[in-house]
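K.L.:
Sharing a structure here in structure tokens format.
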Amino acid sequence: MSSIQFFFASWILTVLAFIPGHAVAAITAKVAASYTSHSSTDSGTTGTTSRMIYDAGAYYKFQGGGWVLGALYQNDSQGGTTSVNRTSYGASGGWMAPRDSGFFVIGTYFISSNYGDYKDGNGFQADLGYKFTPSKIPIGLQISYKSYSYSKYDHSDTYIDPYFIMVLDF
């Protein structure tokens with residue numbers, strides 16, 4: 001574990017240690033998924049690429065508003081001529097509408113990100129979305145801006161991805 005990873009893990013545990021038991025209203029989980037596929041033909045040769053992303057987040061939701069604090073795990077599988085996976089996890093915080101419907105904004109700092117042969121990366125993700133409840137479980141849409149950096153390899157990536165989401169309150 002690098003010193004940056006240790007710092008952020010320590011920071012989250014310290015913040016959670018000082019939260020009084022009555023301040024936590026609920027635990028909220030958000031699962032997000034996105035799939036894209038692209039096919040092209042060049043000089044008679046057809047190539048297809050696909051990308052499947054899923055995010056799984058768990059958050060403490062504080063009483064008296066929609067403030068949340070938690071963590072996010074992300075898996076990004078890219079396939080085509082060659083396949084490569086990115087796995088990232090980090091600390092998250094933001095605001096989620098306290099009702100079954102409404103907007104949310106959540107930011108995540110990835111303390112660890114591995115992408116194929118690129119290891120020991122970090123990055124961030126900013127989510128903007130809207131949830132609504134057509135039945136008992138809130139679902140919705142989200143757009144995410146993501147930036148990853150692998151300084152040891154002088155490599156970085158930036159994405160804007162749409163997601164379908166499901167929110168569960170415990």
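All residue names refer to the structure tokens as shown: chains lettered A, B, ... in order, residues numbered from 1 in each chain, ligands numbered from 1 in order.
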Need to verify the contact set: region 41-49 of chain A, 9 Å, only C-alpha atoms, exclusion of same-chain residues closer than 2 positions in sequence. Can you return it as a VMD selection string?
P.N.:
chain A and resid 36 to 39 51 78 to 82
K.L.:
Against region 146-169 of chain A, which residues of region 26-61 of chain A fall within 12 Å? For each one I want the closest pair of atoms and the distance in Å (one decimal), counting only C-alpha atoms, rows by chain and increasing residue number, as CSV.
P.N.:
```
residue,atom,partner,partner_atom,distance
A:Ala26,CA,A:Asp169,CA,6.8
A:Ile27,CA,A:Asp169,CA,6.0
A:Thr28,CA,A:Asp169,CA,4.5
A:Ala29,CA,A:Leu168,CA,5.1
A:Lys30,CA,A:Val167,CA,4.6
A:Val31,CA,A:Met166,CA,5.3
A:Ala32,CA,A:Ile165,CA,4.3
A:Ala33,CA,A:Tyr163,CA,5.4
A:Ser34,CA,A:Tyr163,CA,4.8
A:Tyr35,CA,A:Tyr163,CA,8.3
A:Thr36,CA,A:Asp161,CA,9.6
A:Arg51,CA,A:Asp161,CA,10.6
A:Met52,CA,A:Tyr163,CA,10.4
A:Ile53,CA,A:Tyr163,CA,8.6
A:Tyr54,CA,A:Tyr163,CA,8.5
A:Asp55,CA,A:Ile165,CA,9.1
A:Ala56,CA,A:Ile165,CA,9.9
A:Gly57,CA,A:Val167,CA,9.6
A:Ala58,CA,A:Leu168,CA,9.4
A:Tyr59,CA,A:Asp169,CA,9.6
A:Tyr60,CA,A:Asp169,CA,10.0
A:Lys61,CA,A:Asp169,CA,9.2
```
K.L.:
Emit the selected residues as a PDB file, in the first residue's frame, including C-alpha atoms.
P.N.:
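Written file, out_18.pdb:
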```pdb
ATOM      1  CA  ALA A  26     -29.035   4.550   6.598  1.00  0.00           C
ATOM      2  CA  ILE A  27     -26.673   2.674   4.386  1.00  0.00           C
ATOM      3  CA  THR A  28     -27.233   3.204   0.687  1.00  0.00           C
ATOM      4  CA  ALA A  29     -25.855   1.062  -2.118  1.00  0.00           C
ATOM      5  CA  LYS A  30     -25.639   2.183  -5.739  1.00  0.00           C
ATOM      6  CA  VAL A  31     -24.996  -0.255  -8.564  1.00  0.00           C
ATOM      7  CA  ALA A  32     -24.295   1.198 -12.008  1.00  0.00           C
ATOM      8  CA  ALA A  33     -23.724  -0.565 -15.332  1.00  0.00           C
ATOM      9  CA  SER A  34     -22.873   0.514 -18.866  1.00  0.00           C
ATOM     10  CA  TYR A  35     -22.311  -1.452 -22.072  1.00  0.00           C
ATOM     11  CA  THR A  36     -21.111  -0.158 -25.441  1.00  0.00           C
ATOM     12  CA  ARG A  51     -16.842  -2.316 -23.226  1.00  0.00           C
ATOM     13  CA  MET A  52     -18.693  -3.369 -20.066  1.00  0.00           C
ATOM     14  CA  ILE A  53     -18.397  -1.218 -16.953  1.00  0.00           C
ATOM     15  CA  TYR A  54     -19.923  -1.717 -13.558  1.00  0.00           C
ATOM     16  CA  ASP A  55     -19.609   0.325 -10.397  1.00  0.00           C
ATOM     17  CA  ALA A  56     -20.627  -0.868  -6.938  1.00  0.00           C
ATOM     18  CA  GLY A  57     -20.761   1.750  -4.205  1.00  0.00           C
ATOM     19  CA  ALA A  58     -21.740   1.645  -0.539  1.00  0.00           C
ATOM     20  CA  TYR A  59     -22.388   4.867   1.375  1.00  0.00           C
ATOM     21  CA  TYR A  60     -23.371   6.103   4.823  1.00  0.00           C
ATOM     22  CA  LYS A  61     -26.293   8.480   4.386  1.00  0.00           C
TER      23      LYS A  61
END
```
K.L.:
Just to confirm, what's the straight-line distance from CA of Arg99 (chain A) to CA of Asn75 (chain A) in Å (one decimal)?
P.N.:
28.3 Å
K.L.:
I want to know what sits within 9 Å of Gly129 (chain A), based on only C-alpha atoms, with residues of the same chain fewer than 6 positions away left out; could you give that as a short mmCIF file (atom, residue, chain, number, x, y, z; two decimals) with C-alpha atoms, in the first residue's frame?
P.N.:
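And here is the file that came out, around18.cif:
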```cif
data_model
loop_
_atom_site.label_atom_id
_atom_site.label_comp_id
_atom_site.auth_asym_id
_atom_site.auth_seq_id
_atom_site.Cartn_x
_atom_site.Cartn_y
_atom_site.Cartn_z
CA GLY A 102 -34.13 13.26 -7.25
CA PHE A 103 -30.65 14.26 -8.34
CA PHE A 104 -27.31 13.15 -6.94
CA VAL A 105 -23.70 14.26 -7.26
CA ILE A 106 -20.94 11.98 -5.98
CA GLY A 140 -32.07 6.00 -12.85
CA LEU A 141 -29.47 7.40 -15.17
CA GLN A 142 -25.99 8.72 -14.46
CA ILE A 143 -23.20 10.34 -16.44
CA SER A 144 -19.65 10.00 -15.15
CA TYR A 163 -24.82 4.45 -16.86
CA ILE A 165 -28.29 2.69 -12.01
#
```
K.L.:
Go through A:Gly93, A:Ser88, A:Ser50, A:Phe62 and flag the residue nearest Lys119 (chain A), using only C-alpha atoms for the distances.
P.N.:
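Looking only at the distances to Lys119 (chain A), the closest residue turns out to be A:Ser88.
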K.L.:
Report as a ChimeraX atom specification: the residues of chain A with a DSSP assignment of strand (DSSP E), based on the backbone of this structure.
P.N.:
/A:24-42,45-62,67-79,84-96,102-115,118-132,139-150,155-169
K.L.:
Name the residues of chain A that fall into alpha helix (DSSP H) according to DSSP on the backbone, using the chain letters and numbers of this document, as a count of residues only.
P.N.:
15
K.L.:
One decimal, Å: what's the distance from CA of Ser92 (chain A) over to CA of Leu69 (chain A), could you say?
P.N.:
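Separation of CA of Ser92 (chain A) and CA of Leu69 (chain A): 5.8 Å.
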K.L.:
Could you check how far CA of Leu72 (chain A) sits from CA of Gly94 (chain A), in Å to one decimal?
P.N.:
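According to the coordinates, CA of Leu72 (chain A) and CA of Gly94 (chain A) are separated by 12.2 Å.
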K.L.:
Give me the residues within 7 Å of region 109-111 of chain A as number ranges by chain, counting only C-alpha atoms and dropping any in the same chain fewer than 5 places off.
P.N.:
A: 5, 88-92, 122-125
